[in-house]
$ cat model.cif   # mmCIF, C-alpha atoms and all ligand atoms
data_protein
loop_
_atom_site.label_atom_id
_atom_site.label_comp_id
_atom_site.auth_asym_id
_atom_site.auth_seq_id
_atom_site.Cartn_x
_atom_site.Cartn_y
_atom_site.Cartn_z
CA MET A 1315 21.57 -52.18 3.48
CA GLU A 1316 22.32 -53.46 6.92
CA LYS A 1317 25.15 -51.17 7.83
CA ASN A 1318 23.95 -50.38 11.32
CA LYS A 1319 23.58 -53.64 13.13
CA GLY A 1320 21.18 -52.31 15.75
CA LYS A 1321 18.88 -50.76 13.16
CA MET A 1322 16.17 -52.53 11.23
CA SER A 1323 16.88 -52.93 7.52
CA GLN A 1324 14.67 -51.14 5.03
CA SER A 1325 13.15 -54.38 3.75
CA LYS A 1326 12.22 -55.44 7.28
CA LYS A 1327 10.63 -52.06 7.88
CA ILE A 1328 8.52 -52.41 4.73
CA PHE A 1329 7.47 -55.88 5.81
CA VAL A 1330 6.55 -54.64 9.28
CA GLY A 1331 4.46 -51.92 7.61
CA LEU A 1332 2.62 -54.63 5.69
CA ILE A 1333 1.93 -56.81 8.74
CA LEU A 1334 0.81 -53.87 10.89
CA GLY A 1335 -1.43 -52.71 8.04
CA LEU A 1336 -2.98 -56.19 7.80
CA ILE A 1337 -3.67 -56.39 11.52
CA PHE A 1338 -4.90 -52.83 11.80
CA GLY A 1339 -7.10 -53.14 8.68
CA ILE A 1340 -8.74 -56.38 9.82
CA VAL A 1341 -9.29 -55.04 13.35
CA LEU A 1342 -10.79 -51.85 11.95
CA HIS A 1343 -13.10 -53.86 9.69
CA SER A 1344 -14.21 -56.44 12.25
CA PHE A 1345 -14.22 -54.71 15.62
CA VAL A 1346 -14.89 -51.05 15.02
CA PRO A 1347 -18.54 -50.30 14.22
CA ASP A 1348 -19.28 -48.32 11.05
CA SER A 1349 -19.51 -44.61 11.65
CA HIS A 1350 -18.76 -41.35 9.91
CA LEU A 1351 -15.47 -41.17 11.79
CA LYS A 1352 -14.39 -44.66 10.78
CA ASN A 1353 -15.58 -44.77 7.17
CA ASP A 1354 -15.32 -41.21 5.94
CA ILE A 1355 -12.64 -39.65 8.05
CA LEU A 1356 -10.31 -42.57 8.71
CA ILE A 1357 -10.62 -45.13 5.91
CA ASP A 1358 -11.68 -42.98 2.96
CA GLY A 1359 -10.08 -39.85 4.34
CA ILE A 1360 -6.74 -40.19 6.06
CA PHE A 1361 -5.76 -43.72 5.00
CA TYR A 1362 -6.87 -43.25 1.42
CA THR A 1363 -5.13 -39.91 1.01
CA ILE A 1364 -1.81 -40.89 2.55
CA GLY A 1365 -1.75 -44.18 0.63
CA GLN A 1366 -2.50 -42.41 -2.64
CA LEU A 1367 0.07 -39.72 -1.93
CA PHE A 1368 2.65 -42.46 -1.74
CA ILE A 1369 1.49 -44.15 -4.95
CA ARG A 1370 1.59 -40.82 -6.74
CA LEU A 1371 5.14 -40.21 -5.55
CA MET A 1372 6.09 -43.55 -7.08
CA GLN A 1373 4.23 -42.86 -10.30
CA MET A 1374 5.93 -39.51 -10.56
CA LEU A 1375 9.24 -41.32 -10.93
CA VAL A 1376 8.25 -43.88 -13.53
CA VAL A 1377 8.32 -42.03 -16.87
CA PRO A 1378 11.49 -39.97 -16.34
CA LEU A 1379 13.25 -42.89 -14.68
CA VAL A 1380 12.38 -45.33 -17.46
CA PHE A 1381 13.36 -42.89 -20.17
CA PHE A 1382 16.69 -41.79 -18.70
CA SER A 1383 17.73 -45.16 -17.32
CA ILE A 1384 17.13 -46.89 -20.66
CA ALA A 1385 18.83 -44.12 -22.63
CA ASP A 1386 21.77 -44.20 -20.25
CA GLY A 1387 21.87 -47.99 -20.21
CA CYS A 1388 21.90 -48.20 -24.02
CA ARG A 1389 24.51 -45.50 -24.18
CA ASN A 1390 26.78 -47.55 -21.93
CA LEU A 1391 25.93 -50.74 -23.72
CA GLY A 1392 26.83 -49.00 -26.92
CA ASP A 1393 26.29 -51.84 -29.36
CA THR A 1394 23.11 -53.01 -30.96
CA GLU A 1395 24.27 -56.61 -31.00
CA THR A 1396 24.26 -57.03 -27.20
CA LEU A 1397 21.02 -55.12 -26.97
CA GLY A 1398 19.43 -57.40 -29.57
CA LYS A 1399 20.68 -60.46 -27.71
CA ILE A 1400 19.21 -59.23 -24.42
CA GLY A 1401 15.96 -58.23 -26.12
CA ILE A 1402 15.42 -61.58 -27.79
CA ARG A 1403 16.34 -63.59 -24.69
CA ILE A 1404 14.11 -61.63 -22.35
CA VAL A 1405 11.11 -61.71 -24.69
CA ILE A 1406 11.46 -65.49 -25.12
CA PHE A 1407 11.71 -65.92 -21.34
CA TYR A 1408 8.68 -63.70 -20.73
CA MET A 1409 6.52 -65.49 -23.30
CA PHE A 1410 7.57 -68.98 -22.28
CA THR A 1411 6.91 -68.42 -18.56
CA THR A 1412 3.53 -66.83 -19.30
CA ALA A 1413 2.39 -69.81 -21.37
CA LEU A 1414 3.64 -72.15 -18.64
CA ALA A 1415 1.77 -70.11 -16.01
CA ILE A 1416 -1.54 -70.49 -17.85
CA PHE A 1417 -0.91 -74.19 -18.31
CA ILE A 1418 -0.39 -74.57 -14.54
CA ALA A 1419 -3.52 -72.53 -13.84
CA LEU A 1420 -5.68 -74.54 -16.24
CA SER A 1421 -4.41 -77.83 -14.83
CA LEU A 1422 -4.85 -76.93 -11.18
CA ALA A 1423 -8.25 -75.33 -11.75
CA SER A 1424 -9.44 -78.40 -13.66
CA VAL A 1425 -8.58 -80.51 -10.63
CA ILE A 1426 -10.09 -78.15 -8.04
CA GLY A 1427 -13.13 -77.40 -10.17
CA PRO A 1428 -14.07 -73.92 -8.93
CA GLY A 1429 -17.60 -72.77 -9.82
CA LYS A 1430 -19.04 -76.28 -10.15
CA GLY A 1431 -22.68 -76.43 -9.11
CA MET A 1432 -23.25 -72.68 -9.35
CA ASN A 1433 -25.78 -73.17 -12.15
CA MET A 1434 -25.60 -69.73 -13.64
CA SER A 1435 -27.85 -69.56 -16.65
CA LEU A 1436 -27.17 -68.00 -19.96
CA GLY A 1437 -30.80 -66.96 -20.38
CA ASP A 1438 -31.81 -66.42 -23.95
CA GLN A 1439 -28.63 -64.81 -25.00
CA SER A 1440 -26.46 -66.70 -27.34
CA PHE A 1441 -22.81 -65.99 -27.29
CA GLU A 1442 -21.56 -66.19 -30.80
CA SER A 1443 -17.83 -66.44 -30.81
CA VAL A 1444 -17.03 -62.80 -30.86
CA ASP A 1445 -14.39 -61.30 -33.02
CA THR A 1446 -11.14 -62.29 -31.40
CA ASP A 1447 -8.51 -61.14 -33.79
CA ILE A 1448 -6.58 -58.50 -32.12
CA SER A 1449 -5.25 -56.65 -35.11
CA LEU A 1450 -1.62 -57.64 -35.32
CA SER A 1451 -0.76 -54.78 -37.60
CA ASP A 1452 -2.20 -52.19 -35.21
CA THR A 1453 -0.31 -53.75 -32.32
CA ILE A 1454 2.96 -53.57 -34.25
CA LEU A 1455 2.34 -50.07 -35.54
CA ASP A 1456 1.60 -48.90 -32.03
CA PHE A 1457 5.18 -49.70 -30.97
CA ILE A 1458 6.48 -46.62 -32.76
CA PRO A 1459 5.48 -43.27 -31.32
CA THR A 1460 4.33 -40.76 -33.91
CA ASN A 1461 5.03 -38.15 -31.28
CA PRO A 1462 7.58 -39.08 -28.59
CA ILE A 1463 6.51 -36.19 -26.37
CA GLU A 1464 2.97 -37.54 -26.39
CA ALA A 1465 4.29 -41.01 -25.54
CA LEU A 1466 6.09 -39.51 -22.54
CA ALA A 1467 3.10 -37.42 -21.52
CA THR A 1468 0.69 -40.35 -21.63
CA GLY A 1469 3.18 -42.84 -20.22
CA ASN A 1470 3.04 -45.25 -23.18
CA MET A 1471 5.73 -47.62 -21.96
CA ILE A 1472 6.61 -49.53 -25.16
CA GLN A 1473 6.84 -46.30 -27.13
CA ILE A 1474 8.99 -44.68 -24.45
CA ILE A 1475 11.26 -47.74 -24.39
CA ILE A 1476 11.75 -47.66 -28.17
CA PHE A 1477 12.45 -43.95 -28.29
CA ALA A 1478 14.82 -44.14 -25.31
CA VAL A 1479 16.74 -47.05 -26.86
CA LEU A 1480 17.28 -44.99 -30.04
CA VAL A 1481 18.34 -41.92 -28.08
CA GLY A 1482 20.83 -43.95 -26.03
CA LEU A 1483 22.30 -45.80 -29.01
CA LEU A 1484 22.72 -42.63 -31.04
CA ILE A 1485 24.38 -40.81 -28.17
CA ALA A 1486 26.83 -43.73 -28.05
CA THR A 1487 27.56 -43.63 -31.77
CA MET A 1488 27.77 -39.83 -31.98
CA GLU A 1489 29.76 -39.63 -28.77
CA ASP A 1490 32.20 -36.94 -29.84
CA ARG A 1491 29.46 -34.54 -30.86
CA LEU A 1492 26.98 -35.24 -28.05
CA ILE A 1493 29.20 -35.04 -24.97
CA THR A 1494 26.97 -32.64 -23.06
CA LEU A 1495 23.80 -34.50 -23.92
CA GLY A 1496 25.40 -37.78 -22.86
CA ASN A 1497 26.34 -36.28 -19.52
CA ILE A 1498 22.87 -34.86 -19.07
CA VAL A 1499 21.30 -38.27 -19.66
CA THR A 1500 23.64 -39.88 -17.14
CA GLU A 1501 23.07 -37.17 -14.57
CA MET A 1502 19.30 -37.23 -15.02
CA ASN A 1503 19.43 -40.98 -14.50
CA ASP A 1504 21.44 -40.49 -11.31
CA LEU A 1505 18.96 -37.86 -10.19
CA MET A 1506 15.98 -40.16 -10.74
CA MET A 1507 17.73 -43.01 -8.95
CA GLY A 1508 18.48 -40.71 -6.02
CA MET A 1509 14.83 -39.67 -5.94
CA THR A 1510 13.79 -43.34 -5.97
CA MET A 1511 15.96 -44.08 -2.95
CA TRP A 1512 14.44 -41.11 -1.20
CA VAL A 1513 10.86 -42.20 -1.94
CA MET A 1514 11.77 -45.72 -0.89
CA LYS A 1515 12.52 -44.45 2.59
CA LEU A 1516 8.83 -43.61 2.85
CA ALA A 1517 7.77 -47.07 1.68
CA PRO A 1518 7.09 -48.61 5.12
CA ILE A 1519 4.64 -45.81 5.93
CA GLY A 1520 3.06 -45.87 2.47
CA VAL A 1521 2.62 -49.64 2.60
CA PHE A 1522 1.02 -49.44 6.05
CA PHE A 1523 -1.60 -46.92 4.92
CA LEU A 1524 -2.35 -48.73 1.64
CA ILE A 1525 -2.75 -52.12 3.26
CA THR A 1526 -4.81 -50.84 6.19
CA ARG A 1527 -7.27 -49.20 3.84
CA THR A 1528 -7.59 -52.23 1.59
CA PHE A 1529 -8.15 -54.68 4.40
CA SER A 1530 -10.53 -52.46 6.30
CA SER A 1531 -12.82 -52.13 3.30
CA LEU A 1532 -12.58 -55.63 1.86
CA GLY A 1533 -15.80 -57.62 1.44
CA TYR A 1534 -15.03 -60.66 3.59
CA ASP A 1535 -18.45 -62.26 3.01
CA ALA A 1536 -17.83 -62.41 -0.71
CA ILE A 1537 -14.51 -64.10 -0.08
CA ILE A 1538 -16.14 -67.05 1.72
CA SER A 1539 -18.39 -67.88 -1.23
CA MET A 1540 -15.51 -67.69 -3.66
CA LEU A 1541 -13.01 -69.75 -1.71
CA SER A 1542 -12.45 -72.47 -4.31
CA TYR A 1543 -11.82 -69.93 -7.06
CA MET A 1544 -9.47 -67.96 -4.86
CA GLY A 1545 -7.76 -71.15 -3.72
CA ALA A 1546 -7.13 -72.22 -7.33
CA VAL A 1547 -5.71 -68.81 -8.24
CA LEU A 1548 -3.54 -68.52 -5.13
CA GLY A 1549 -2.38 -72.14 -5.43
CA SER A 1550 -1.29 -71.66 -9.06
CA LEU A 1551 0.41 -68.39 -8.17
CA ALA A 1552 2.32 -70.18 -5.42
CA VAL A 1553 3.45 -72.93 -7.81
CA GLN A 1554 4.65 -70.38 -10.34
CA LEU A 1555 6.48 -68.29 -7.76
CA LEU A 1556 7.95 -70.90 -5.47
CA ILE A 1557 8.58 -73.74 -7.90
CA VAL A 1558 8.87 -72.47 -11.48
CA TYR A 1559 10.85 -69.28 -10.87
CA MET A 1560 12.98 -70.69 -8.10
CA LEU A 1561 13.91 -73.72 -10.20
CA LEU A 1562 14.79 -71.50 -13.14
CA ILE A 1563 16.96 -69.30 -10.94
CA VAL A 1564 18.72 -72.27 -9.41
CA ILE A 1565 19.31 -73.96 -12.77
CA PHE A 1566 20.39 -70.92 -14.78
CA VAL A 1567 21.96 -68.60 -12.22
CA ARG A 1568 22.96 -71.05 -9.48
CA VAL A 1569 22.04 -68.88 -6.54
CA ASN A 1570 20.25 -69.67 -3.30
CA PRO A 1571 16.48 -69.20 -3.90
CA PHE A 1572 15.83 -68.34 -0.24
CA LYS A 1573 18.34 -65.56 -0.45
CA PHE A 1574 16.61 -64.37 -3.61
CA LEU A 1575 13.23 -64.26 -1.88
CA LYS A 1576 14.67 -62.50 1.15
CA LYS A 1577 16.42 -59.82 -0.86
CA PHE A 1578 13.54 -59.40 -3.28
CA ALA A 1579 10.93 -59.11 -0.49
CA PRO A 1580 10.67 -55.28 -0.57
CA VAL A 1581 9.60 -55.38 -4.24
CA MET A 1582 7.06 -58.11 -3.53
CA THR A 1583 5.66 -56.25 -0.54
CA PHE A 1584 5.44 -53.08 -2.55
CA GLY A 1585 3.75 -54.81 -5.50
CA PHE A 1586 1.31 -56.47 -3.10
CA SER A 1587 0.40 -53.15 -1.51
CA THR A 1588 -0.01 -51.16 -4.70
CA ALA A 1589 -1.20 -53.87 -7.13
CA SER A 1590 0.78 -52.02 -9.79
CA SER A 1591 3.79 -53.37 -11.66
CA SER A 1592 4.34 -49.98 -13.26
CA ALA A 1593 4.50 -47.99 -10.04
CA THR A 1594 6.99 -50.54 -8.74
CA VAL A 1595 9.52 -50.09 -11.59
CA PRO A 1596 11.84 -47.62 -9.79
CA ILE A 1597 12.05 -49.66 -6.55
CA HIS A 1598 12.42 -52.81 -8.63
CA ILE A 1599 15.48 -51.59 -10.56
CA GLN A 1600 17.03 -50.28 -7.38
CA THR A 1601 16.50 -53.53 -5.47
CA LEU A 1602 17.89 -55.65 -8.31
CA ASP A 1603 20.94 -53.41 -8.31
CA ASP A 1604 21.45 -54.29 -4.64
CA MET A 1605 21.12 -57.93 -5.68
CA GLY A 1606 23.96 -57.65 -8.20
CA VAL A 1607 22.02 -57.17 -11.44
CA ASP A 1608 23.59 -54.51 -13.66
CA LYS A 1609 21.24 -51.57 -14.22
CA LYS A 1610 22.19 -51.61 -17.89
CA ILE A 1611 20.07 -54.73 -18.18
CA SER A 1612 17.36 -54.14 -15.60
CA SER A 1613 16.61 -50.60 -16.73
CA PHE A 1614 15.56 -52.15 -20.02
CA THR A 1615 14.00 -55.48 -19.01
CA ILE A 1616 12.07 -54.33 -15.91
CA PRO A 1617 9.93 -51.61 -17.53
CA LEU A 1618 9.45 -53.97 -20.47
CA GLY A 1619 8.35 -56.74 -18.10
CA ALA A 1620 6.01 -54.37 -16.25
CA THR A 1621 4.36 -53.79 -19.61
CA ILE A 1622 4.31 -57.14 -21.36
CA ASN A 1623 5.02 -59.88 -18.82
CA MET A 1624 2.13 -60.71 -16.52
CA ASP A 1625 2.34 -64.34 -15.48
CA GLY A 1626 0.23 -63.81 -12.38
CA THR A 1627 -2.46 -62.09 -14.42
CA ALA A 1628 -2.41 -64.93 -16.95
CA ILE A 1629 -2.90 -67.39 -14.07
CA MET A 1630 -5.96 -65.54 -12.81
CA GLN A 1631 -7.34 -65.53 -16.36
CA GLY A 1632 -6.75 -69.26 -16.80
CA VAL A 1633 -8.55 -70.08 -13.55
CA ALA A 1634 -11.33 -67.60 -14.35
CA VAL A 1635 -11.97 -69.38 -17.66
CA ILE A 1636 -12.46 -72.71 -15.88
CA PHE A 1637 -14.52 -71.08 -13.13
CA ILE A 1638 -16.88 -69.31 -15.51
CA ALA A 1639 -17.21 -72.38 -17.73
CA ASN A 1640 -18.14 -74.46 -14.67
CA ALA A 1641 -20.49 -71.83 -13.30
CA TYR A 1642 -22.39 -71.69 -16.59
CA GLY A 1643 -22.13 -75.44 -17.18
CA ILE A 1644 -20.19 -75.07 -20.43
CA ASP A 1645 -17.74 -77.78 -21.47
CA LEU A 1646 -14.37 -76.76 -22.81
CA THR A 1647 -12.52 -78.85 -25.38
CA ALA A 1648 -8.80 -79.46 -25.67
CA SER A 1649 -8.64 -76.96 -28.50
CA ASP A 1650 -10.37 -74.38 -26.27
CA PHE A 1651 -7.54 -74.91 -23.79
CA MET A 1652 -4.97 -74.21 -26.50
CA THR A 1653 -6.88 -71.09 -27.52
CA VAL A 1654 -6.89 -69.91 -23.90
CA ILE A 1655 -3.13 -70.42 -23.59
CA LEU A 1656 -2.58 -68.37 -26.73
CA THR A 1657 -5.02 -65.54 -26.04
CA ALA A 1658 -4.10 -65.21 -22.37
CA THR A 1659 -0.43 -64.93 -23.36
CA ILE A 1660 -1.35 -62.13 -25.76
CA ALA A 1661 -3.68 -60.58 -23.16
CA SER A 1662 -0.76 -60.53 -20.74
CA VAL A 1663 1.20 -58.42 -23.23
CA GLY A 1664 -1.75 -56.08 -23.56
CA THR A 1665 -2.39 -55.74 -19.83
CA ALA A 1666 -1.09 -52.49 -18.38
CA GLY A 1667 0.76 -52.73 -15.07
CA ILE A 1668 -1.89 -50.96 -13.04
CA PRO A 1669 -4.59 -52.27 -10.71
CA SER A 1670 -7.50 -54.33 -12.11
CA VAL A 1671 -6.56 -54.21 -15.77
CA GLY A 1672 -6.25 -58.00 -15.82
CA LEU A 1673 -10.02 -58.18 -15.38
CA ILE A 1674 -10.57 -56.04 -18.44
CA THR A 1675 -8.30 -58.06 -20.70
CA LEU A 1676 -9.97 -61.21 -19.34
CA SER A 1677 -12.97 -60.38 -21.53
CA MET A 1678 -10.81 -60.99 -24.59
CA VAL A 1679 -9.82 -64.43 -23.31
CA LEU A 1680 -13.42 -65.36 -22.47
CA GLU A 1681 -14.65 -64.26 -25.87
CA SER A 1682 -12.01 -66.31 -27.65
CA VAL A 1683 -13.68 -69.50 -26.42
CA GLY A 1684 -17.25 -68.20 -26.47
CA LEU A 1685 -17.71 -67.87 -22.70
CA PRO A 1686 -20.09 -65.22 -21.32
CA VAL A 1687 -18.22 -62.04 -20.48
CA GLU A 1688 -20.86 -61.36 -17.81
CA GLY A 1689 -19.09 -63.99 -15.75
CA ILE A 1690 -16.51 -61.34 -14.87
CA ALA A 1691 -19.12 -59.72 -12.62
CA ILE A 1692 -19.03 -62.76 -10.32
CA ILE A 1693 -15.31 -62.53 -9.67
CA MET A 1694 -15.07 -58.76 -9.62
CA GLY A 1695 -16.02 -58.39 -5.97
CA ILE A 1696 -13.02 -60.31 -4.69
CA ASP A 1697 -10.55 -59.35 -7.39
CA ARG A 1698 -8.66 -56.75 -5.41
CA ILE A 1699 -6.97 -59.25 -3.14
CA LEU A 1700 -6.07 -61.50 -6.08
CA ASP A 1701 -4.79 -58.47 -7.96
CA MET A 1702 -2.36 -57.83 -5.13
CA ALA A 1703 -1.18 -61.43 -5.14
CA ARG A 1704 -0.85 -61.71 -8.93
CA THR A 1705 1.03 -58.43 -9.18
CA THR A 1706 3.59 -59.91 -6.77
CA VAL A 1707 4.01 -62.87 -9.13
CA ASN A 1708 4.13 -60.60 -12.19
CA LEU A 1709 7.05 -58.77 -10.61
CA THR A 1710 8.90 -61.89 -9.53
CA GLY A 1711 8.65 -63.21 -13.10
CA ASP A 1712 10.24 -60.00 -14.40
CA ALA A 1713 13.02 -60.26 -11.83
CA ALA A 1714 13.75 -63.94 -12.49
CA GLY A 1715 13.98 -63.31 -16.25
CA THR A 1716 16.16 -60.27 -15.74
CA MET A 1717 18.54 -62.10 -13.48
CA ILE A 1718 18.85 -65.05 -15.87
CA VAL A 1719 19.41 -62.83 -18.91
CA ALA A 1720 21.86 -60.60 -17.01
CA ASN A 1721 23.78 -63.68 -15.92
CA SER A 1722 23.91 -64.98 -19.49
CA VAL A 1723 25.64 -61.82 -20.71
CA GLY A 1724 27.97 -61.48 -17.72
CA ALA A 1725 26.03 -58.60 -16.13
CA PHE A 1726 25.22 -60.32 -12.85
CA ASN A 1727 27.53 -59.94 -9.87
CA LYS A 1728 27.10 -63.07 -7.78
CA GLU A 1729 29.42 -61.84 -5.10
CA LYS A 1730 27.23 -58.77 -4.57
CA PHE A 1731 24.16 -61.02 -4.48
CA ASN A 1732 25.69 -63.15 -1.75
CA ARG A 1733 26.88 -60.20 0.30
CA GLU A 1734 24.79 -59.51 3.40
N1 LIG A 1801 -2.28 -55.23 -11.38
C1 LIG A 1801 -1.54 -56.04 -12.30
C2 LIG A 1801 -0.13 -55.49 -12.43
O1 LIG A 1801 0.08 -54.32 -12.25
C3 LIG A 1801 -2.19 -56.16 -13.61
C4 LIG A 1801 -3.49 -56.90 -13.45
O2 LIG A 1801 -3.46 -58.12 -13.47
O3 LIG A 1801 -4.53 -56.28 -13.28
O4 LIG A 1801 0.80 -56.21 -12.71
#
$ encode --input "model.cif" --output "structure tokens"
Amino acid sequence: MEKNKGKMSQSKKIFVGLILGLIFGIVLHSFVPDSHLKNDILIDGIFYTIGQLFIRLMQMLVVPLVFFSIADGCRNLGDTETLGKIGIRIVIFYMFTTALAIFIALSLASVIGPGKGMNMSLGDQSFESVDTDISLSDTILDFIPTNPIEALATGNMIQIIIFAVLVGLLIATMEDRLITLGNIVTEMNDLMMGMTMWVMKLAPIGVFFLITRTFSSLGYDAIISMLSYMGAVLGSLAVQLLIVYMLLIVIFVRVNPFKFLKKFAPVMTFGFSTASSSATVPIHIQTLDDMGVDKKISSFTIPLGATINMDGTAIMQGVAVIFIANAYGIDLTASDFMTVILTATIASVGTAGIPSVGLITLSMVLESVGLPVEGIAIIMGIDRILDMARTTVNLTGDAAGTMIVANSVGAFNKEKFNRE
């Protein structure tokens, strides 16, 4: 990355884009009076359009990249045994860290006590425990696409992953008959990776426009009144990111956590700016490759993580449960806490990696312990900023798991990681 000494590295440029966007957005919000020029032409015109153009460029890459990189990865992997081993390990890691994340969130929020004294009333409504069983059979059935083309067209990640795995494995087993197809898959994968690198060059500019717009239109007044809730969410996110993941990386991979954070910073910045794990998949795989993680592993575990592993989202949901219970003066029992850990882990699997979806799946968690779903309205106003922060944690969780699993099957190049 840092070939030319005098030049700024790409990750620094992205970070500078973020900081400039923050400053510019806050200045625009606080010091420039509202006007047609500011609101309609600048913020909702130029900044919105350029930011969205960039997000769309990223989204454009996701489906073809995921499909071809998984197919190519499985083709190179060639055997179902290794694939099964990776699959089981990564799923266990993802589930375990999600449950731990909610536990941290519930503990910290219980200490901080966000929402206490808000005295929201339930009125006359009674909240019967609403139907909480998420049909297991439907969830399982939905893994298999009845029409793979539809799965690709609608971007159904799990279905795409399953179909791509089969395509890759069969190309490997029928190698002598599918030479051309095998080459096409590899070349398409190279093409999509090349396109990702190209789009990544635009990242500093994209990040600047996205962040400026967000911070120029944020409701700062709402933030003040929600400080304890935000503090509990951000505090738990920090514990998960800086303590849990870093410890796991040190224990299982034995690498320097500061180096990890430094090298991983572009993905975090990008996730923070877009609030979308899905849109970040291409940049994520590319960055992990620079960090020594074999694409054979990351092309499989990263899109999977962007779909089912949302530790940051689970943290927000854990804190929101405590906040809403406090605000409405409802006591939660120990068994309610267990229920929340379970449902929020499942909700994390069901949360798509796009902005705000965590708020929607929160309703499922609230219902599971009979809390009023209306409570979501209170936290909605300030959710954007938390969405950005939790997406960053969601992504770091995917990366930590990927690195640990890659290391366990000899697909992590420590020397490359340590290289400047
Ligand atoms: N925005 C989050 C993500 O993409 C999901 C959420 O919590 O809303 O990872």
$ closest_residue --input "model.cif" --among "A:Ile1655, A:Ala1714, A:Pro1617, A:Gly1585" --to "ligand LIG 1801 (chain A)" --atoms "all atoms listed in the file"
A:Gly1585
$ closest_residue --input "model.cif" --among "A:Ser1613, A:Ser1662, A:Ser1349, A:Ser1530" --to "A:Met1630" --atoms "all atoms listed in the file"
A:Ser1662
$ closest_atom_pairs --input "model.cif" --of "chain A" --to "ligand LIG 1801 (chain A)" --cutoff "7 Å" --atoms "only C-alpha atoms and all ligand atoms" --output "Markdown table"
| residue | atom | partner | partner_atom | distance |
| --- | --- | --- | --- | --- |
| A:Ala1589 | CA | A:LIG1801 | N1 | 4.6 |
| A:Ser1590 | CA | A:LIG1801 | O1 | 3.4 |
| A:Ser1591 | CA | A:LIG1801 | O1 | 3.9 |
| A:Ser1592 | CA | A:LIG1801 | O1 | 6.2 |
| A:Ala1620 | CA | A:LIG1801 | O4 | 6.6 |
| A:Met1624 | CA | A:LIG1801 | O4 | 6.0 |
| A:Gly1626 | CA | A:LIG1801 | O2 | 6.9 |
| A:Thr1627 | CA | A:LIG1801 | O2 | 4.2 |
| A:Thr1665 | CA | A:LIG1801 | C3 | 6.2 |
| A:Ala1666 | CA | A:LIG1801 | C3 | 6.1 |
| A:Gly1667 | CA | A:LIG1801 | O1 | 3.3 |
| A:Ile1668 | CA | A:LIG1801 | O1 | 4.0 |
| A:Pro1669 | CA | A:LIG1801 | N1 | 3.8 |
| A:Ser1670 | CA | A:LIG1801 | O3 | 3.7 |
| A:Val1671 | CA | A:LIG1801 | O3 | 3.8 |
| A:Gly1672 | CA | A:LIG1801 | O3 | 3.5 |
| A:Leu1673 | CA | A:LIG1801 | O3 | 6.2 |
| A:Asp1701 | CA | A:LIG1801 | N1 | 5.3 |
| A:Met1702 | CA | A:LIG1801 | N1 | 6.8 |
| A:Arg1704 | CA | A:LIG1801 | O2 | 6.3 |
| A:Thr1705 | CA | A:LIG1801 | O4 | 4.2 |
| A:Asn1708 | CA | A:LIG1801 | O4 | 5.5 |
$ write_last_selection --input "model.cif" --atoms "C-alpha atoms" --output "PDB file, keeping the file's coordinate frame"
ATOM      1  CA  ALA A1589      -1.200 -53.870  -7.130  1.00  0.00           C
ATOM      2  CA  SER A1590       0.780 -52.020  -9.790  1.00  0.00           C
ATOM      3  CA  SER A1591       3.790 -53.370 -11.660  1.00  0.00           C
ATOM      4  CA  SER A1592       4.340 -49.980 -13.260  1.00  0.00           C
ATOM      5  CA  ALA A1620       6.010 -54.370 -16.250  1.00  0.00           C
ATOM      6  CA  MET A1624       2.130 -60.710 -16.520  1.00  0.00           C
ATOM      7  CA  GLY A1626       0.230 -63.810 -12.380  1.00  0.00           C
ATOM      8  CA  THR A1627      -2.460 -62.090 -14.420  1.00  0.00           C
ATOM      9  CA  THR A1665      -2.390 -55.740 -19.830  1.00  0.00           C
ATOM     10  CA  ALA A1666      -1.090 -52.490 -18.380  1.00  0.00           C
ATOM     11  CA  GLY A1667       0.760 -52.730 -15.070  1.00  0.00           C
ATOM     12  CA  ILE A1668      -1.890 -50.960 -13.040  1.00  0.00           C
ATOM     13  CA  PRO A1669      -4.590 -52.270 -10.710  1.00  0.00           C
ATOM     14  CA  SER A1670      -7.500 -54.330 -12.110  1.00  0.00           C
ATOM     15  CA  VAL A1671      -6.560 -54.210 -15.770  1.00  0.00           C
ATOM     16  CA  GLY A1672      -6.250 -58.000 -15.820  1.00  0.00           C
ATOM     17  CA  LEU A1673     -10.020 -58.180 -15.380  1.00  0.00           C
ATOM     18  CA  ASP A1701      -4.790 -58.470  -7.960  1.00  0.00           C
ATOM     19  CA  MET A1702      -2.360 -57.830  -5.130  1.00  0.00           C
ATOM     20  CA  ARG A1704      -0.850 -61.710  -8.930  1.00  0.00           C
ATOM     21  CA  THR A1705       1.030 -58.430  -9.180  1.00  0.00           C
ATOM     22  CA  ASN A1708       4.130 -60.600 -12.190  1.00  0.00           C
TER      23      ASN A1708
END
$ residues_around --input "model.cif" --residues "stretch 1422-1424 of chain A" --least-positions-apart "3" --cutoff "12 Å" --atoms "all atoms listed in the file" --output "PyMOL selection string"
chain A and resi 1415-1419+1427-1430+1542-1554+1629-1640+1645-1646+1651
$ closest_atom_pairs --input "model.cif" --of "stretch 1454-1572 of chain A" --to "stretch 1366-1388 of chain A" --cutoff "6 Å" --atoms "all atoms listed in the file" --output "Markdown table"
| residue | atom | partner | partner_atom | distance |
| --- | --- | --- | --- | --- |
| A:Ala1478 | CA | A:Ala1385 | CA | 4.8 |
| A:Val1479 | CA | A:Ala1385 | CA | 5.6 |
| A:Val1481 | CA | A:Ala1385 | CA | 5.9 |
| A:Gly1482 | CA | A:Ala1385 | CA | 3.9 |
| A:Leu1483 | CA | A:Cys1388 | CA | 5.6 |
| A:Val1499 | CA | A:Phe1382 | CA | 5.9 |
| A:Thr1500 | CA | A:Asp1386 | CA | 5.6 |
| A:Asn1503 | CA | A:Phe1382 | CA | 5.1 |
| A:Met1506 | CA | A:Leu1379 | CA | 5.5 |
| A:Gly1520 | CA | A:Phe1368 | CA | 5.4 |
